[in-house]
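Here is the file final37.txt (compact mmCIF, C-alpha atoms and all ligand atoms).
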```txt
# COMPACT_ATOMS: atom_id res chain seq x y z
CA MET A 1 0.00 0.00 0.00
CA HIS A 2 1.48 3.37 -0.98
CA ILE A 3 0.83 6.98 -1.86
CA ILE A 4 2.82 9.28 -4.13
CA ILE A 5 4.00 12.62 -2.77
CA ASN A 6 5.54 14.86 -5.42
CA HIS A 7 7.64 12.19 -7.14
CA SER A 8 8.40 10.20 -4.02
CA ILE A 9 6.78 7.03 -2.69
CA LEU A 10 5.49 6.66 0.86
CA GLU A 11 4.64 3.02 1.44
CA ILE A 12 3.73 0.63 4.22
CA VAL A 13 4.45 -3.09 4.31
CA GLU A 14 4.20 -5.80 6.93
CA GLY A 15 7.57 -7.43 7.54
CA ASP A 16 11.00 -7.45 9.12
CA ILE A 17 13.05 -4.27 8.83
CA THR A 18 16.37 -6.11 9.00
CA ARG A 19 15.71 -7.59 5.54
CA GLN A 20 15.07 -4.33 3.70
CA ASP A 21 17.20 -3.25 0.74
CA THR A 22 16.72 0.48 1.21
CA GLU A 23 19.96 2.48 1.52
CA ALA A 24 19.21 3.15 5.19
CA ILE A 25 17.05 1.55 7.84
CA VAL A 26 16.05 3.26 11.06
CA ASN A 27 16.50 1.75 14.51
CA ALA A 28 14.35 2.49 17.56
CA ALA A 29 17.31 3.04 19.89
CA ASN A 30 17.70 4.11 23.52
CA GLU A 31 19.59 7.23 24.64
CA GLN A 32 22.66 5.20 25.66
CA LEU A 33 22.78 3.58 22.22
CA ARG A 34 23.19 0.21 23.94
CA VAL A 35 21.71 -2.88 22.37
CA GLY A 36 18.21 -3.45 23.69
CA GLY A 37 15.35 -5.76 22.79
CA GLY A 38 12.71 -5.39 20.10
CA VAL A 39 13.76 -4.00 16.76
CA ASP A 40 17.10 -2.82 18.20
CA GLY A 41 18.09 -6.35 19.16
CA ALA A 42 17.00 -7.68 15.77
CA ILE A 43 19.01 -5.06 13.86
CA ASN A 44 22.16 -5.66 15.90
CA ARG A 45 21.85 -9.45 15.55
CA ALA A 46 21.39 -9.25 11.80
CA GLY A 47 23.94 -6.48 11.21
CA GLY A 48 26.77 -7.83 13.37
CA PRO A 49 29.12 -6.10 15.84
CA ARG A 50 30.27 -3.15 13.70
CA ILE A 51 26.99 -1.31 14.29
CA GLN A 52 27.36 -1.43 18.07
CA GLU A 53 31.06 -0.53 17.86
CA GLU A 54 30.23 2.69 16.05
CA ALA A 55 27.25 3.39 18.27
CA ARG A 56 29.48 3.07 21.35
CA ARG A 57 31.92 5.61 19.92
CA ILE A 58 29.03 8.06 19.41
CA GLY A 59 27.95 7.27 22.96
CA TYR A 60 24.65 9.10 23.42
CA CYS A 61 21.61 10.37 21.56
CA PRO A 62 18.91 12.51 23.23
CA THR A 63 15.24 11.60 22.81
CA GLY A 64 13.87 13.01 19.56
CA GLN A 65 17.29 13.14 17.86
CA ALA A 66 19.07 10.78 15.46
CA VAL A 67 22.60 9.51 14.75
CA ILE A 68 23.99 7.35 11.92
CA THR A 69 26.25 4.30 11.75
CA THR A 70 27.24 1.72 9.20
CA GLY A 71 24.76 -0.99 8.29
CA GLY A 72 27.39 -3.65 9.00
CA ASP A 73 26.31 -6.95 7.44
CA LEU A 74 22.81 -5.69 6.54
CA LYS A 75 21.72 -5.05 2.96
CA ALA A 76 21.21 -1.43 3.99
CA SER A 77 24.44 0.60 3.97
CA PHE A 78 23.44 2.69 6.99
CA VAL A 79 21.49 2.44 10.22
CA ILE A 80 19.99 5.66 11.51
CA HIS A 81 19.38 5.38 15.26
CA THR A 82 16.64 7.53 16.68
CA VAL A 83 15.34 7.63 20.24
CA GLY A 84 11.58 7.73 20.60
CA PRO A 85 9.79 9.11 23.65
CA ILE A 86 8.61 6.81 26.42
CA TYR A 87 4.83 7.26 26.45
CA LYS A 88 3.23 8.41 29.71
CA ASP A 89 -0.08 10.18 29.05
CA GLY A 90 0.54 12.08 25.82
CA ARG A 91 0.88 15.42 27.64
CA GLN A 92 4.60 15.27 28.35
CA GLY A 93 5.68 16.37 24.88
CA GLU A 94 5.47 12.84 23.46
CA PRO A 95 3.81 13.85 20.14
CA GLU A 96 6.42 16.54 19.42
CA LEU A 97 9.29 14.23 20.35
CA LEU A 98 7.95 11.44 18.17
CA ALA A 99 7.51 13.83 15.23
CA SER A 100 11.06 15.03 15.84
CA CYS A 101 12.40 11.46 15.49
CA TYR A 102 11.02 11.22 11.97
CA ARG A 103 12.09 14.73 10.96
CA GLU A 104 15.64 14.34 12.33
CA SER A 105 16.08 10.88 10.79
CA LEU A 106 15.00 12.17 7.38
CA ALA A 107 17.20 15.27 7.71
CA LEU A 108 20.21 13.08 8.51
CA ALA A 109 19.44 10.81 5.56
CA ARG A 110 19.07 13.77 3.24
CA ALA A 111 22.34 15.32 4.46
CA ARG A 112 24.09 12.04 3.50
CA GLY A 113 22.47 11.88 0.08
CA ILE A 114 20.40 8.82 1.04
CA ARG A 115 17.41 8.42 -1.25
CA SER A 116 15.60 5.41 0.22
CA ILE A 117 14.89 4.69 3.87
CA ALA A 118 12.85 2.21 5.91
CA PHE A 119 11.34 3.00 9.32
CA PRO A 120 9.91 0.73 12.00
CA SER A 121 7.08 2.04 14.16
CA ILE A 122 9.13 4.09 16.63
CA SER A 123 8.05 4.02 20.32
CA THR A 124 5.13 1.60 19.89
CA GLY A 125 6.86 -1.42 21.43
CA VAL A 126 8.42 -1.29 24.88
CA TYR A 127 8.02 2.53 24.95
CA GLY A 128 4.25 2.11 24.92
CA TYR A 129 3.04 4.73 22.44
CA PRO A 130 -0.54 3.92 21.27
CA VAL A 131 -0.04 2.70 17.73
CA ALA A 132 -3.00 4.50 16.10
CA ASP A 133 -1.74 7.87 17.38
CA ALA A 134 1.86 7.06 16.54
CA ALA A 135 0.88 6.04 13.00
CA ARG A 136 -0.86 9.36 12.35
CA ILE A 137 2.13 11.33 13.60
CA ALA A 138 4.67 9.20 11.73
CA LEU A 139 2.95 9.27 8.34
CA GLY A 140 1.89 12.90 8.68
CA LYS A 141 5.43 14.00 9.45
CA VAL A 142 6.95 12.01 6.61
CA LYS A 143 4.37 13.34 4.16
CA ALA A 144 5.15 16.93 5.19
CA TYR A 145 8.88 16.24 4.83
CA LEU A 146 8.56 14.74 1.35
CA GLN A 147 6.42 17.66 0.23
CA GLN A 148 9.25 20.00 1.22
CA TYR A 149 12.26 17.85 0.20
CA PRO A 150 11.62 15.64 -2.83
CA ASP A 151 15.19 14.29 -2.96
CA ILE A 152 14.29 11.31 -0.75
CA ARG A 153 12.51 9.07 -3.24
CA LEU A 154 11.24 6.22 -1.10
CA VAL A 155 10.12 6.04 2.52
CA ARG A 156 8.93 2.59 3.57
CA PHE A 157 7.35 1.75 6.91
CA VAL A 158 7.99 -1.87 7.84
CA LEU A 159 5.37 -2.93 10.34
CA PHE A 160 5.93 -5.92 12.53
CA GLY A 161 2.65 -7.82 12.74
CA GLN A 162 -0.84 -7.33 11.46
CA GLU A 163 -2.07 -5.03 14.23
CA ALA A 164 0.62 -2.43 13.54
CA PHE A 165 0.12 -2.78 9.79
CA GLU A 166 -3.62 -2.17 10.11
CA ALA A 167 -3.12 0.92 12.26
CA TYR A 168 -0.74 2.37 9.66
CA ALA A 169 -3.05 1.37 6.80
CA ALA A 170 -5.89 3.32 8.45
CA ALA A 171 -3.67 6.36 8.96
CA LEU A 172 -2.39 6.20 5.37
CA GLY A 173 -5.98 6.01 4.16
CA GLU A 174 -6.76 9.20 6.08
CA LEU A 175 -3.71 10.96 4.61
CA ALA A 176 -4.66 9.96 1.08
CA GLN A 177 -8.04 11.70 1.53
CA GLU A 178 -6.51 15.02 2.51
P1 LIG B 201 10.48 1.25 21.28
O1 LIG B 201 11.38 1.09 22.46
O2 LIG B 201 10.78 2.51 20.47
O3 LIG B 201 9.04 1.10 21.61
P2 LIG B 201 10.61 -1.49 20.20
O4 LIG B 201 11.75 -2.12 19.50
O5 LIG B 201 10.19 -2.06 21.51
O6 LIG B 201 10.96 0.07 20.29
O7 LIG B 201 9.34 -1.48 19.24
C1 LIG B 201 9.18 -0.64 18.14
C2 LIG B 201 8.38 -1.36 17.08
O8 LIG B 201 9.24 -2.22 16.33
C3 LIG B 201 7.26 -2.25 17.64
O9 LIG B 201 6.08 -2.00 16.91
C4 LIG B 201 7.80 -3.67 17.38
O10 LIG B 201 6.74 -4.59 17.15
C5 LIG B 201 8.59 -3.44 16.12
N1 LIG B 201 9.59 -4.46 15.73
C6 LIG B 201 10.20 -5.40 16.49
N2 LIG B 201 11.03 -6.14 15.73
C7 LIG B 201 10.94 -5.66 14.45
C8 LIG B 201 11.53 -6.00 13.19
N3 LIG B 201 12.41 -6.99 13.08
N4 LIG B 201 11.18 -5.28 12.09
C9 LIG B 201 10.29 -4.26 12.19
N5 LIG B 201 9.71 -3.89 13.33
C10 LIG B 201 10.02 -4.58 14.46
```

Once you've parsed the file, please lay out its structure as structure tokens.
Amino acid sequence: MHIIINHSILEIVEGDITRQDTEAIVNAANEQLRVGGGVDGAINRAGGPRIQEEARRIGYCPTGQAVITTGGDLKASFVIHTVGPIYKDGRQGEPELLASCYRESLALARARGIRSIAFPSISTGVYGYPVADAARIALGKVKAYLQQYPDIRLVRFVLFGQEAFEAYAAALGELAQE
């Protein structure tokens, strides 16, 4: 399922982000950039030790920001690590911080000349962000970015499981109507 924005594609698929052949994939990291569970664990397992070696040298990434490392053994050349907000009640700046993750990841990709990028659903695992709300923010932010900067040609959301996919499909349907 996809929509076209300018000349770029915004698409959603159900699957495993570690298997994507986009130039960059995005990791839902923690501020310490230490290997965690969820998508972070999967990316580090599939990509091998070089990712964590570089992440350790960088050392820290504040919530809402993004840093970049090699993709190690992955098909993707780069991993962009962004730190999503831990969800409390939605009134602690969580929506702005989540939007910032997408904007900063895309800005970093663009600065490196990366033209295709895959995102997981940031913050909706252990960090507890309600997936319907997160999907609206994620897709809305990416759409706005692609309208402004057409040089990124493909943004793919790789949703882990049917529930996440359906939430993103509903949000993409809403965006397509606008
Ligand atoms: P966070 O701490 O930001 O919530 P998690 O890794 O716990 O990060 O979860 C983020 C999302 O990534 C969740 O929706 C989870 O189901 C999903 N996820 C876990 N493994 C993968 C994978 N291999 N590919 C894509 N998404 C994944």

Report task. List every protein, DNA or RNA residue that has an atom no more than 7 Å from (28.0, -0.1, 13.7) in the file's coordinate frame, counting only C-alpha atoms, and report them as a ChimeraX atom specification. Result -> /A:49-55,69-72

So that all listed atoms of ligand LIG 201 (chain B) fit with 6 Å spare on each side, what axis-aligned box centre and edge lengths in Å, to one decimal, would you give as JSON?
```
{"center_x": 9.2, "center_y": -2.2, "center_z": 17.3, "size_x": 18.3, "size_y": 21.5, "size_z": 22.4}
```

- Query: Near A:Leu172, within 8 Å and counting all atoms listed in the file, which residues show up once chain neighbours fewer than 3 positions away are dropped, as an MDAnalysis selection string?
  - Reply: chainID A and resid 2:3 136 139 168:169 175:176

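Near ligand LIG 201 (chain B), at distances of 6 Å or less and with only C-alpha atoms and all ligand atoms counted, sit the residues A:Asp16, A:Ile17, A:Thr18, A:Ala28, A:Gly38, A:Val39, A:Asp40, A:Ala42, A:Gly84, A:Pro120, A:Ser121, A:Ile122, A:Ser123, A:Thr124, A:Gly125, A:Val126, A:Tyr127, A:Gly128, A:Val158, A:Leu159, A:Phe160.
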
Could you write out the selected residues, including C-alpha atoms, as a PDB file, keeping the file's coordinate frame?
```
ATOM      1  CA  ASP A  16      11.000  -7.450   9.120  1.00  0.00           C
ATOM      2  CA  ILE A  17      13.050  -4.270   8.830  1.00  0.00           C
ATOM      3  CA  THR A  18      16.370  -6.110   9.000  1.00  0.00           C
ATOM      4  CA  ALA A  28      14.350   2.490  17.560  1.00  0.00           C
ATOM      5  CA  GLY A  38      12.710  -5.390  20.100  1.00  0.00           C
ATOM      6  CA  VAL A  39      13.760  -4.000  16.760  1.00  0.00           C
ATOM      7  CA  ASP A  40      17.100  -2.820  18.200  1.00  0.00           C
ATOM      8  CA  ALA A  42      17.000  -7.680  15.770  1.00  0.00           C
ATOM      9  CA  GLY A  84      11.580   7.730  20.600  1.00  0.00           C
ATOM     10  CA  PRO A 120       9.910   0.730  12.000  1.00  0.00           C
ATOM     11  CA  SER A 121       7.080   2.040  14.160  1.00  0.00           C
ATOM     12  CA  ILE A 122       9.130   4.090  16.630  1.00  0.00           C
ATOM     13  CA  SER A 123       8.050   4.020  20.320  1.00  0.00           C
ATOM     14  CA  THR A 124       5.130   1.600  19.890  1.00  0.00           C
ATOM     15  CA  GLY A 125       6.860  -1.420  21.430  1.00  0.00           C
ATOM     16  CA  VAL A 126       8.420  -1.290  24.880  1.00  0.00           C
ATOM     17  CA  TYR A 127       8.020   2.530  24.950  1.00  0.00           C
ATOM     18  CA  GLY A 128       4.250   2.110  24.920  1.00  0.00           C
ATOM     19  CA  VAL A 158       7.990  -1.870   7.840  1.00  0.00           C
ATOM     20  CA  LEU A 159       5.370  -2.930  10.340  1.00  0.00           C
ATOM     21  CA  PHE A 160       5.930  -5.920  12.530  1.00  0.00           C
TER      22      PHE A 160
END
```

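Distances here use only C-alpha atoms; by that measure, the residue among A:Tyr60, A:Phe119, A:Tyr145, A:Tyr87 closest to A:Gly15 is A:Phe119.
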
query = What is the atom CA of A:Val35 to atom CA of A:Ile68 distance in Å?
reply =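 Atom CA of A:Val35 sits 14.8 Å away from atom CA of A:Ile68.
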
Between A:Glu23, A:Glu31, A:Glu163, A:Glu11, which residue has the minimum interatomic distance to A:Arg115, considering all atoms listed in the file?
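Looking only at the distances to A:Arg115, the closest residue turns out to be A:Glu23.
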
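Considering only C-alpha atoms, the residue among A:Gln162, A:Ala171, A:Glu178, A:Tyr149 positioned nearest to A:Ser8 is A:Tyr149.
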
Put stretch 74-85 of chain A into a file with all heavy atoms, as an mmCIF file, in the first residue's frame.
```cif
data_model
loop_
_atom_site.group_PDB
_atom_site.id
_atom_site.type_symbol
_atom_site.label_atom_id
_atom_site.label_comp_id
_atom_site.auth_asym_id
_atom_site.auth_seq_id
_atom_site.Cartn_x
_atom_site.Cartn_y
_atom_site.Cartn_z
ATOM 1 N N LEU A 74 24.167 -5.816 7.117
ATOM 2 C CA LEU A 74 22.815 -5.685 6.541
ATOM 3 C C LEU A 74 22.893 -5.339 5.058
ATOM 4 O O LEU A 74 23.915 -4.856 4.573
ATOM 5 C CB LEU A 74 22.053 -4.569 7.262
ATOM 6 C CG LEU A 74 21.762 -4.768 8.743
ATOM 7 C CD1 LEU A 74 21.274 -3.455 9.353
ATOM 8 C CD2 LEU A 74 20.712 -5.858 8.924
ATOM 9 N N LYS A 75 21.796 -5.533 4.350
ATOM 10 C CA LYS A 75 21.718 -5.052 2.964
ATOM 11 C C LYS A 75 21.787 -3.534 2.931
ATOM 12 O O LYS A 75 22.366 -2.945 2.020
ATOM 13 C CB LYS A 75 20.393 -5.499 2.330
ATOM 14 C CG LYS A 75 20.362 -6.962 1.946
ATOM 15 C CD LYS A 75 19.079 -7.255 1.167
ATOM 16 C CE LYS A 75 18.803 -8.736 1.176
ATOM 17 N NZ LYS A 75 17.366 -9.039 1.047
ATOM 18 N N ALA A 76 21.168 -2.888 3.892
ATOM 19 C CA ALA A 76 21.207 -1.425 3.989
ATOM 20 C C ALA A 76 22.629 -0.982 4.324
ATOM 21 O O ALA A 76 23.317 -1.608 5.129
ATOM 22 C CB ALA A 76 20.250 -0.954 5.079
ATOM 23 N N SER A 77 23.085 0.111 3.703
ATOM 24 C CA SER A 77 24.441 0.605 3.974
ATOM 25 C C SER A 77 24.539 1.309 5.316
ATOM 26 O O SER A 77 25.617 1.377 5.902
ATOM 27 C CB SER A 77 24.862 1.589 2.879
ATOM 28 O OG SER A 77 24.792 0.980 1.622
ATOM 29 N N PHE A 78 23.428 1.879 5.764
ATOM 30 C CA PHE A 78 23.439 2.688 6.986
ATOM 31 C C PHE A 78 22.307 2.304 7.920
ATOM 32 O O PHE A 78 21.222 1.925 7.466
ATOM 33 C CB PHE A 78 23.267 4.176 6.655
ATOM 34 C CG PHE A 78 24.317 4.711 5.730
ATOM 35 C CD1 PHE A 78 24.056 4.839 4.370
ATOM 36 C CD2 PHE A 78 25.565 5.070 6.212
ATOM 37 C CE1 PHE A 78 25.020 5.328 3.506
ATOM 38 C CE2 PHE A 78 26.540 5.560 5.356
ATOM 39 C CZ PHE A 78 26.268 5.687 3.996
ATOM 40 N N VAL A 79 22.568 2.476 9.222
ATOM 41 C CA VAL A 79 21.489 2.441 10.217
ATOM 42 C C VAL A 79 21.414 3.825 10.853
ATOM 43 O O VAL A 79 22.426 4.356 11.328
ATOM 44 C CB VAL A 79 21.733 1.373 11.298
ATOM 45 C CG1 VAL A 79 20.622 1.430 12.361
ATOM 46 C CG2 VAL A 79 21.787 -0.026 10.686
ATOM 47 N N ILE A 80 20.236 4.402 10.814
ATOM 48 C CA ILE A 80 19.988 5.665 11.514
ATOM 49 C C ILE A 80 19.302 5.301 12.824
ATOM 50 O O ILE A 80 18.274 4.615 12.824
ATOM 51 C CB ILE A 80 19.136 6.611 10.645
ATOM 52 C CG1 ILE A 80 19.967 7.044 9.434
ATOM 53 C CG2 ILE A 80 18.643 7.808 11.458
ATOM 54 C CD1 ILE A 80 19.222 7.869 8.409
ATOM 55 N N HIS A 81 19.902 5.725 13.933
ATOM 56 C CA HIS A 81 19.382 5.377 15.257
ATOM 57 C C HIS A 81 18.647 6.591 15.801
ATOM 58 O O HIS A 81 19.245 7.665 15.949
ATOM 59 C CB HIS A 81 20.529 5.022 16.209
ATOM 60 C CG HIS A 81 21.433 3.937 15.678
ATOM 61 N ND1 HIS A 81 21.348 2.636 16.097
ATOM 62 C CD2 HIS A 81 22.422 3.971 14.746
ATOM 63 C CE1 HIS A 81 22.258 1.905 15.452
ATOM 64 N NE2 HIS A 81 22.926 2.700 14.630
ATOM 65 N N THR A 82 17.382 6.429 16.082
ATOM 66 C CA THR A 82 16.635 7.534 16.678
ATOM 67 C C THR A 82 15.991 7.064 17.974
ATOM 68 O O THR A 82 15.676 5.877 18.116
ATOM 69 C CB THR A 82 15.596 8.108 15.683
ATOM 70 O OG1 THR A 82 15.069 9.334 16.221
ATOM 71 C CG2 THR A 82 14.446 7.149 15.417
ATOM 72 N N VAL A 83 15.843 7.994 18.911
ATOM 73 C CA VAL A 83 15.341 7.628 20.240
ATOM 74 C C VAL A 83 13.939 8.200 20.409
ATOM 75 O O VAL A 83 13.757 9.415 20.506
ATOM 76 C CB VAL A 83 16.280 8.161 21.346
ATOM 77 C CG1 VAL A 83 15.771 7.714 22.719
ATOM 78 C CG2 VAL A 83 17.704 7.688 21.107
ATOM 79 N N GLY A 84 12.965 7.314 20.416
ATOM 80 C CA GLY A 84 11.582 7.727 20.596
ATOM 81 C C GLY A 84 11.280 8.051 22.053
ATOM 82 O O GLY A 84 12.004 7.635 22.958
ATOM 83 N N PRO A 85 10.197 8.807 22.274
ATOM 84 C CA PRO A 85 9.790 9.110 23.649
ATOM 85 C C PRO A 85 9.157 7.889 24.322
ATOM 86 O O PRO A 85 8.497 7.082 23.662
ATOM 87 C CB PRO A 85 8.746 10.212 23.464
ATOM 88 C CG PRO A 85 8.156 9.941 22.116
ATOM 89 C CD PRO A 85 9.284 9.395 21.274
#
```
